[in-house]
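Chemist: For reference, this is input.txt, and it has compact mmCIF, C-alpha atoms.
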# COMPACT_ATOMS: atom_id res chain seq x y z
CA MET Y 1 113.67 126.06 95.74
CA ARG Y 2 112.68 127.59 99.05
CA LYS Y 3 112.86 125.54 102.22
CA LEU Y 4 109.62 124.07 103.57
CA SER Y 5 109.56 122.31 106.91
CA LYS Y 6 105.86 121.35 106.93
CA ILE Y 7 103.60 120.65 103.95
CA LEU Y 8 99.89 119.82 104.14
CA ILE Y 9 97.99 118.01 101.36
CA PHE Y 10 94.20 117.77 101.15
CA ARG Y 11 92.10 115.35 99.11
CA GLN Y 12 89.05 114.08 100.95
CA SER Y 13 87.61 111.64 98.37
CA SER Y 14 86.84 109.58 96.34
CA LEU Y 15 88.86 106.36 96.13
CA GLY Y 16 90.32 106.85 92.66
CA ASP Y 17 90.97 110.56 93.18
CA VAL Y 18 92.87 109.95 96.41
CA ILE Y 19 95.02 107.29 94.75
CA LEU Y 20 95.86 109.60 91.85
CA THR Y 21 97.36 112.15 94.27
CA LEU Y 22 100.22 109.81 95.18
CA PRO Y 23 102.61 110.94 92.41
CA VAL Y 24 102.37 114.46 93.88
CA VAL Y 25 103.23 113.08 97.32
CA LYS Y 26 106.22 111.24 95.88
CA ALA Y 27 107.51 114.31 94.04
CA LEU Y 28 107.18 116.52 97.11
CA LYS Y 29 109.09 114.01 99.24
CA GLU Y 30 111.85 113.73 96.64
CA ASN Y 31 112.20 117.51 96.45
CA TYR Y 32 111.77 118.13 100.19
CA PRO Y 33 113.14 114.96 101.83
CA ASP Y 34 113.49 116.59 105.25
CA SER Y 35 110.00 118.12 105.29
CA GLN Y 36 107.05 116.84 107.30
CA ILE Y 37 104.31 115.99 104.80
CA ASP Y 38 100.83 115.47 106.23
CA PHE Y 39 97.71 114.43 104.33
CA ILE Y 40 94.04 115.11 105.19
CA THR Y 41 91.46 112.66 103.83
CA LYS Y 42 88.23 110.91 104.79
CA THR Y 43 88.58 107.87 107.03
CA PRO Y 44 87.69 105.17 104.43
CA TYR Y 45 90.74 106.12 102.32
CA ALA Y 46 93.25 106.62 105.12
CA PRO Y 47 94.52 102.99 105.10
CA LEU Y 48 95.86 103.48 101.56
CA LEU Y 49 97.99 106.42 102.72
CA LYS Y 50 99.20 105.42 106.17
CA HIS Y 51 102.06 103.23 104.93
CA ASN Y 52 103.27 105.59 102.22
CA PRO Y 53 106.89 106.58 102.93
CA GLY Y 54 106.26 110.09 101.63
CA ILE Y 55 103.56 110.84 104.21
CA ASN Y 56 104.40 111.53 107.85
CA ASN Y 57 100.87 111.81 109.24
CA VAL Y 58 97.45 110.96 107.84
CA ILE Y 59 94.78 113.21 109.33
CA GLU Y 60 91.36 111.68 108.83
CA PHE Y 61 87.77 112.79 109.37
CA THR Y 62 84.29 111.36 108.83
CA ASN Y 63 81.85 114.27 109.07
CA ASN Y 64 81.57 118.02 109.66
CA ASP Y 65 82.13 117.71 113.41
CA SER Y 66 85.34 115.71 113.02
CA PHE Y 67 86.45 118.08 110.25
CA LYS Y 68 86.16 120.98 112.70
CA THR Y 69 88.49 119.08 115.01
CA VAL Y 70 90.93 118.68 112.12
CA LEU Y 71 90.86 122.43 111.49
CA HIS Y 72 91.73 123.05 115.13
CA GLU Y 73 94.63 120.54 114.98
CA ILE Y 74 96.22 121.89 111.80
CA LYS Y 75 95.93 125.46 113.06
CA LYS Y 76 97.97 124.47 116.11
CA THR Y 77 100.51 122.55 114.02
CA GLY Y 78 101.09 125.24 111.42
CA TYR Y 79 102.34 124.60 107.89
CA ASP Y 80 104.59 126.34 105.36
CA PHE Y 81 102.60 125.30 102.30
CA PHE Y 82 99.12 123.90 101.65
CA VAL Y 83 98.55 121.68 98.58
CA ASP Y 84 94.85 121.80 97.73
CA LEU Y 85 93.95 118.82 95.55
CA GLN Y 86 90.22 119.04 96.29
CA ALA Y 87 89.24 122.65 95.55
CA ASN Y 88 85.97 122.79 97.47
CA PHE Y 89 84.43 124.55 100.50
CA ARG Y 90 86.45 122.47 102.96
CA SER Y 91 89.59 123.52 101.11
CA MET Y 92 88.63 127.12 101.74
CA ALA Y 93 88.10 126.37 105.44
CA ILE Y 94 91.60 124.88 105.63
CA LYS Y 95 93.10 127.95 103.95
CA LEU Y 96 91.38 130.22 106.44
CA ALA Y 97 92.59 128.09 109.35
CA LEU Y 98 96.18 128.24 108.06
CA PHE Y 99 96.19 131.92 107.01
CA PRO Y 100 98.62 133.41 105.99
CA THR Y 101 100.21 130.12 104.83
CA LYS Y 102 100.89 130.04 101.09
CA SER Y 103 99.00 127.48 99.04
CA GLY Y 104 98.49 126.00 95.59
CA LYS Y 105 95.23 124.69 94.15
CA TYR Y 106 94.80 122.24 91.31
CA LYS Y 107 92.77 123.20 88.28
CA LYS Y 108 89.59 121.13 88.13
CA ARG Y 109 88.89 122.01 84.49
CA ARG Y 110 85.15 122.05 85.11
CA LEU Y 111 84.38 124.04 81.97
CA ALA Y 112 86.53 121.84 79.73
CA ARG Y 113 84.92 118.67 81.08
CA GLU Y 114 81.47 120.19 80.71
CA MET Y 115 82.25 120.97 77.07
CA ILE Y 116 83.31 117.35 76.45
CA VAL Y 117 80.02 116.14 77.93
CA ARG Y 118 77.90 118.70 76.06
CA LYS Y 119 79.71 118.13 72.75
CA PRO Y 120 80.61 114.41 72.82
CA ARG Y 121 80.78 114.23 69.02
CA LEU Y 122 83.79 116.54 69.01
CA LYS Y 123 86.30 113.75 69.60
CA ASN Y 124 89.29 116.10 69.63
CA LEU Y 125 88.12 117.66 72.89
CA ARG Y 126 89.96 116.20 75.88
CA VAL Y 127 91.58 117.22 79.15
CA ASP Y 128 94.94 116.22 80.55
CA HIS Y 129 95.14 113.20 82.83
CA THR Y 130 94.15 113.96 86.44
CA ILE Y 131 97.66 113.08 87.66
CA ASN Y 132 99.08 115.87 85.51
CA SER Y 133 96.34 118.24 86.66
CA TYR Y 134 97.17 117.63 90.31
CA PHE Y 135 100.70 118.87 89.66
CA THR Y 136 99.30 122.32 88.83
CA ALA Y 137 98.80 122.73 92.59
CA VAL Y 138 102.57 122.71 93.17
CA GLN Y 139 103.62 124.85 90.21
CA LYS Y 140 104.57 127.67 92.57
CA LEU Y 141 107.20 125.44 94.15
CA GLN Y 142 108.91 124.82 90.79
CA ILE Y 143 109.78 121.29 91.80
CA ASP Y 144 111.23 118.60 89.57
CA TYR Y 145 108.75 115.85 88.80
CA LYS Y 146 107.78 113.22 86.27
CA PRO Y 147 104.11 112.25 86.10
CA GLU Y 148 103.90 108.51 86.64
CA PRO Y 149 101.43 105.92 87.92
CA PRO Y 150 100.62 106.04 91.64
CA GLU Y 151 102.19 103.51 93.99
CA VAL Y 152 99.95 102.19 96.76
CA VAL Y 153 102.07 100.75 99.59
CA ILE Y 154 100.74 97.62 101.31
CA PRO Y 155 102.22 96.46 104.64
CA ASP Y 156 104.15 93.21 104.32
CA ASN Y 157 102.02 91.44 106.92
CA ILE Y 158 98.80 92.15 105.04
CA ASN Y 159 100.28 91.34 101.65
CA ASN Y 160 101.73 88.07 102.95
CA SER Y 161 98.50 87.15 104.73
CA ILE Y 162 96.42 87.72 101.60
CA GLY Y 163 98.98 85.86 99.50
CA ASP Y 164 98.78 82.86 101.82
CA LYS Y 165 94.99 82.95 101.78
CA LEU Y 166 94.85 83.01 98.00
CA SER Y 167 97.32 80.12 97.84
CA GLU Y 168 95.03 78.10 100.11
CA LEU Y 169 91.96 78.97 98.04
CA PHE Y 170 93.70 78.28 94.72
CA PRO Y 171 96.39 75.60 95.25
CA ASN Y 172 96.53 74.95 91.48
CA ASN Y 173 98.71 78.06 90.87
CA ASN Y 174 96.75 79.02 87.71
CA LYS Y 175 96.52 82.57 86.39
CA LEU Y 176 94.48 84.76 88.72
CA ILE Y 177 91.98 87.27 87.30
CA ALA Y 178 90.15 89.88 89.37
CA ILE Y 179 86.67 90.88 88.29
CA CYS Y 180 85.46 94.17 89.75
CA PRO Y 181 81.88 94.65 88.47
CA GLY Y 182 80.90 97.55 90.74
CA ALA Y 183 81.11 101.32 90.49
CA LYS Y 184 80.01 104.29 92.56
CA HIS Y 185 77.31 105.18 90.03
CA PHE Y 186 74.99 102.58 88.55
CA GLU Y 187 75.22 103.85 84.98
CA LYS Y 188 78.95 103.02 84.80
CA LYS Y 189 78.37 99.31 85.46
CA TRP Y 190 78.81 97.01 82.51
CA PRO Y 191 76.05 94.34 82.81
CA THR Y 192 76.72 91.73 85.49
CA ASP Y 193 75.60 88.85 83.30
CA GLN Y 194 78.30 89.79 80.78
CA TYR Y 195 80.94 89.79 83.51
CA ALA Y 196 79.65 86.29 84.36
CA GLU Y 197 80.07 85.18 80.75
CA VAL Y 198 83.69 86.38 80.78
CA ALA Y 199 84.31 84.60 84.09
CA ASN Y 200 82.87 81.31 82.80
CA LYS Y 201 85.07 81.50 79.71
CA PHE Y 202 88.28 81.78 81.73
CA LEU Y 203 87.21 79.27 84.33
CA GLY Y 204 87.01 76.88 81.37
CA GLN Y 205 90.61 77.80 80.52
CA ASN Y 206 91.96 76.74 83.94
CA CYS Y 207 92.13 80.25 85.35
CA ASN Y 208 91.18 81.34 88.85
CA ILE Y 209 88.77 84.22 89.44
CA VAL Y 210 88.27 86.56 92.39
CA VAL Y 211 85.18 88.77 92.32
CA ILE Y 212 85.63 91.97 94.34
CA SER Y 213 82.57 94.00 95.29
CA THR Y 214 80.74 95.77 98.08
CA SER Y 215 77.18 95.39 99.35
CA ALA Y 216 76.44 98.83 97.92
CA ASP Y 217 77.15 97.50 94.41
CA ASP Y 218 73.87 95.56 94.68
CA LEU Y 219 74.95 92.58 92.59
CA PRO Y 220 75.56 88.86 93.20
CA SER Y 221 78.92 88.65 94.95
CA ASP Y 222 79.76 85.43 93.09
CA LEU Y 223 78.12 86.49 89.78
CA GLU Y 224 75.80 83.50 90.43
CA ILE Y 225 78.59 81.13 89.44
CA SER Y 226 79.28 78.01 91.48
CA ASP Y 227 82.83 76.92 90.75
CA PRO Y 228 85.71 76.02 93.12
CA ASN Y 229 88.03 78.26 91.10
CA LEU Y 230 85.89 81.37 91.68
CA LYS Y 231 85.88 83.09 95.06
CA ALA Y 232 83.91 86.16 96.10
CA PHE Y 233 85.38 88.92 98.26
CA GLN Y 234 82.62 91.28 99.31
CA ASP Y 235 83.07 94.19 101.71
CA ALA Y 236 86.73 93.43 102.38
CA GLU Y 237 88.86 96.12 104.00
CA ILE Y 238 90.26 98.45 101.35
CA ILE Y 239 93.90 97.65 102.17
CA GLU Y 240 93.05 93.93 101.84
CA VAL Y 241 91.43 94.63 98.47
CA ALA Y 242 94.66 96.30 97.43
CA ALA Y 243 96.60 93.19 98.44
CA ILE Y 244 94.19 90.91 96.55
CA LEU Y 245 94.59 92.99 93.40
CA LYS Y 246 98.38 93.00 93.81
CA ASN Y 247 98.35 89.21 93.76
CA CYS Y 248 96.35 89.08 90.51
CA ASP Y 249 97.70 88.91 86.98
CA VAL Y 250 95.06 91.25 85.55
CA ALA Y 251 91.81 92.92 86.62
CA ILE Y 252 88.62 93.68 84.72
CA THR Y 253 86.91 96.83 85.95
CA ASN Y 254 84.45 99.54 85.11
CA ASP Y 255 85.56 103.17 85.24
CA SER Y 256 85.84 102.99 89.02
CA GLY Y 257 88.05 103.47 92.05
CA LEU Y 258 89.16 99.84 91.83
CA MET Y 259 90.48 100.53 88.34
CA HIS Y 260 92.86 103.10 89.84
CA LEU Y 261 93.63 100.91 92.86
CA SER Y 262 94.62 98.01 90.61
CA CYS Y 263 96.97 100.29 88.66
CA GLY Y 264 98.31 101.61 91.96
CA VAL Y 265 99.44 98.14 93.05
CA GLY Y 266 100.96 97.32 89.66
CA THR Y 267 98.23 95.08 88.21
CA PRO Y 268 97.15 96.03 84.68
CA VAL Y 269 93.46 96.42 83.96
CA VAL Y 270 90.95 95.93 81.20
CA ALA Y 271 88.88 99.05 81.88
CA ILE Y 272 85.37 99.28 80.45
CA PHE Y 273 84.12 102.82 79.76
CA GLY Y 274 80.49 103.49 78.82
CA PRO Y 275 78.77 106.74 79.83
CA THR Y 276 82.14 108.21 80.84
CA HIS Y 277 85.23 108.44 78.68
CA PRO Y 278 89.03 108.51 79.08
CA ARG Y 279 89.00 111.95 77.42
CA LEU Y 280 87.72 113.30 80.76
CA GLY Y 281 91.11 112.59 82.36
CA PHE Y 282 90.51 109.42 84.38
CA SER Y 283 92.01 106.69 82.22
CA PRO Y 284 94.04 103.85 83.78
CA SER Y 285 97.56 105.09 84.42
CA LEU Y 286 99.51 101.82 84.31
CA ASP Y 287 101.31 100.77 81.13
CA GLY Y 288 99.95 97.55 79.69
CA SER Y 289 96.36 98.31 80.64
CA ARG Y 290 93.62 98.23 78.01
CA ILE Y 291 90.75 100.69 77.60
CA ILE Y 292 87.53 99.34 76.13
CA THR Y 293 85.08 101.96 74.81
CA ASN Y 294 82.95 102.10 71.69
CA ASN Y 295 83.17 105.90 71.35
CA PHE Y 296 79.43 106.08 70.71
CA GLN Y 297 78.21 109.52 69.66
CA CYS Y 298 76.41 110.29 72.95
CA SER Y 299 79.33 109.24 75.17
CA PRO Y 300 80.36 110.74 77.50
CA CYS Y 301 76.98 111.88 78.79
CA SER Y 302 78.24 112.93 82.24
CA VAL Y 303 81.58 113.56 83.95
CA HIS Y 304 81.29 110.83 86.59
CA GLY Y 305 78.52 108.64 85.17
CA GLN Y 306 76.00 110.04 87.63
CA GLN Y 307 73.27 110.92 85.10
CA PRO Y 308 70.60 108.36 84.08
CA CYS Y 309 70.84 107.20 80.48
CA TYR Y 310 68.49 109.22 78.25
CA GLN Y 311 68.67 106.92 75.22
CA PRO Y 312 66.15 104.12 74.43
CA LYS Y 313 69.07 101.70 74.80
CA LYS Y 314 72.40 102.01 76.55
CA TYR Y 315 74.31 102.28 73.29
CA CYS Y 316 77.65 103.00 74.99
CA PHE Y 317 77.64 99.42 76.34
CA GLU Y 318 75.56 97.80 73.59
CA THR Y 319 78.49 96.84 71.34
CA ILE Y 320 80.98 96.02 74.11
CA THR Y 321 80.50 92.28 74.12
CA PRO Y 322 82.07 89.63 76.35
CA ASP Y 323 84.09 88.46 73.33
CA ILE Y 324 85.81 91.85 73.15
CA ILE Y 325 86.81 91.63 76.82
CA ILE Y 326 87.87 88.01 76.41
CA ASP Y 327 90.13 88.89 73.46
CA ALA Y 328 91.72 91.73 75.45
CA LEU Y 329 92.35 89.42 78.42
CA ASN Y 330 93.82 86.71 76.21
CA ASP Y 331 96.28 89.23 74.83
CA MET Y 332 97.33 90.20 78.35
CA ILE Y 333 97.64 86.81 80.07
Just give me the structure as structure tokens.
Modeler:
Amino acid sequence: MRKLSKILIFRQSSLGDVILTLPVVKALKENYPDSQIDFITKTPYAPLLKHNPGINNVIEFTNNDSFKTVLHEIKKTGYDFFVDLQANFRSMAIKLALFPTKSGKYKKRRLAREMIVRKPRLKNLRVDHTINSYFTAVQKLQIDYKPEPPEVVIPDNINNSIGDKLSELFPNNNKLIAICPGAKHFEKKWPTDQYAEVANKFLGQNCNIVVISTSADDLPSDLEISDPNLKAFQDAEIIEVAAILKNCDVAITNDSGLMHLSCGVGTPVVAIFGPTHPRLGFSPSLDGSRIITNNFQCSPCSVHGQQPCYQPKKYCFETITPDIIIDALNDMI
């Protein structure tokens, strides 16, 4: 293993993808404990990295102008190795800025994923989990590693503050369930009224519910449920969302960034997959989590759920009923 004094990692987005890079960070720090490890990402995701013990500096940007400033900064700093976990045009710009620094790039497996989408009936087609794929970017270093779930580090003050707030909101100390009904793409959202049916069922079983969403999700923040044991958290800071999820016993999510965030703080999920599929490499990484999918013949119909449904009905969600989610939750809590 050759000595590296400065290592630079790049993953600009999105939420789940940034979280899934953390096992690579951990392995690099374990193999190069004396190295400076810096991480470039977009500003919204920086709070999830700033407290990670394996990262020395988080370099953030918001747009092309601020990215140009980042290029100037890293050129002055200089690095021994560049870990490209994004593989896009900005990655190329970073490589040019750092030339002749050696680098490693992860394999996106575009063709394999495209084949899974184009031939969804061939159920044996699948790609490796994204965590494993990220490690292809550091193959040149021949480091020792064990793919494992990411670990999102939350500062004690924020975790304690959120814990105190939840204790005030729910003094009964019942089981706490997080419902995360949003997703980046509309097609990946299991119907909101079905989330509400699940929530009402567990409210009737003396459980507490937190509903986590953003304004962009365009759904009722409280699922249109008026109950003292259900509280809505909309547009909370991402590090606060992490702390909320950490304080929950289980989370129900779509195939979304919050699915990965929940796993990253150690809270198992019931993850609902419709137009996307775990075979594409984005399944929940935490042991004890449950994947709910009906494996309908047209699913997956897109890699990230960005394509409008072309069927007369959304068959991938049609047979995923609230009772199925309720049974899965009962098994877990």
Chemist: Do you have the CA of Arg279 (chain Y)-CA of Asn295 (chain Y) distance handy?
Modeler: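 One can read the CA of Arg279 (chain Y) to CA of Asn295 (chain Y) distance as 10.4 Å.
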Chemist: Between Y:Tyr106, Y:Phe10, Y:Phe186, Y:Phe81, which residue has the minimum interatomic distance to Phe61 (chain Y), considering only C-alpha atoms?
Modeler: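 Counting only C-alpha atoms, the residue closest to Phe61 (chain Y) is Y:Phe10.
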Chemist: What's the separation between CA of Ser302 (chain Y) and CA of Val117 (chain Y), in Å to one decimal place?
Modeler: 5.7 Å
Chemist: Which polymer residues have any atom within 8 Å of an atom of Leu49 (chain Y), counting only C-alpha atoms, with same-chain residues fewer than 2 positions away left out, as a PDB file with C-alpha atoms, keeping the file's coordinate frame?
Modeler:
ATOM      1  CA  TYR Y  45      90.740 106.120 102.320  1.00  0.00           C
ATOM      2  CA  ALA Y  46      93.250 106.620 105.120  1.00  0.00           C
ATOM      3  CA  PRO Y  47      94.520 102.990 105.100  1.00  0.00           C
ATOM      4  CA  HIS Y  51     102.060 103.230 104.930  1.00  0.00           C
ATOM      5  CA  ASN Y  52     103.270 105.590 102.220  1.00  0.00           C
ATOM      6  CA  ILE Y  55     103.560 110.840 104.210  1.00  0.00           C
ATOM      7  CA  VAL Y  58      97.450 110.960 107.840  1.00  0.00           C
ATOM      8  CA  VAL Y 152      99.950 102.190  96.760  1.00  0.00           C
ATOM      9  CA  VAL Y 153     102.070 100.750  99.590  1.00  0.00           C
TER      10      VAL Y 153
END
Chemist: Taking (88.2, 102.8, 73.8) as a centre in this file's frame and 10 Å as the limit, can you find every polymer residue with an atom that close, using only C-alpha atoms, and give them as a PDB file with C-alpha atoms, in the coordinates of the input?
Modeler:
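selection25.pdb written:
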ATOM      1  CA  ALA Y 271      88.880  99.050  81.880  1.00  0.00           C
ATOM      2  CA  ILE Y 272      85.370  99.280  80.450  1.00  0.00           C
ATOM      3  CA  PHE Y 273      84.120 102.820  79.760  1.00  0.00           C
ATOM      4  CA  GLY Y 274      80.490 103.490  78.820  1.00  0.00           C
ATOM      5  CA  HIS Y 277      85.230 108.440  78.680  1.00  0.00           C
ATOM      6  CA  PRO Y 278      89.030 108.510  79.080  1.00  0.00           C
ATOM      7  CA  ARG Y 279      89.000 111.950  77.420  1.00  0.00           C
ATOM      8  CA  ARG Y 290      93.620  98.230  78.010  1.00  0.00           C
ATOM      9  CA  ILE Y 291      90.750 100.690  77.600  1.00  0.00           C
ATOM     10  CA  ILE Y 292      87.530  99.340  76.130  1.00  0.00           C
ATOM     11  CA  THR Y 293      85.080 101.960  74.810  1.00  0.00           C
ATOM     12  CA  ASN Y 294      82.950 102.100  71.690  1.00  0.00           C
ATOM     13  CA  ASN Y 295      83.170 105.900  71.350  1.00  0.00           C
ATOM     14  CA  PHE Y 296      79.430 106.080  70.710  1.00  0.00           C
ATOM     15  CA  ILE Y 320      80.980  96.020  74.110  1.00  0.00           C
TER      16      ILE Y 320
END
Chemist: Let me know the centre plus edge lengths, in Å and rounded to one decimal, of a box with edges along x, y and z that contains all listed atoms of region 208-220 of chain Y and is padded by 3 Å on every side, as AutoDock Vina command-line options.
Modeler:
--center_x 82.5 --center_y 90.1 --center_z 94.1 --size_x 23.3 --size_y 23.5 --size_z 16.5
Chemist: Let me make sure I understand: among Y:Glu30, Y:Asp17, Y:Asp80, Y:Asp65, which one has the smallest atom-to-atom distance to Leu4 (chain Y) if we use all atoms listed in the file?
Modeler: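 Of Y:Glu30, Y:Asp17, Y:Asp80, Y:Asp65, the one nearest Leu4 (chain Y) is Y:Asp80, counting all atoms listed in the file.
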Chemist: Excluding Glu60 (chain Y) and any residue of its chain fewer than 2 positions from it, enumerate the residues within 8 Å of it, using all atoms listed in the file, and give them as a list in words.
Modeler: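 In the requested form, the answer reads Ile40, Thr41, Lys42, Thr43, Ala46, Val58, Thr62 and Val70 of chain Y.
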Chemist: Could you tell me which of Y:Leu258, Y:Cys180, Y:Ala93, Y:Ile325 comes closest to Ile19 (chain Y) if we count only C-alpha atoms?
Modeler: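 Using only C-alpha atoms, Ile19 (chain Y) sits closest to Y:Leu258.
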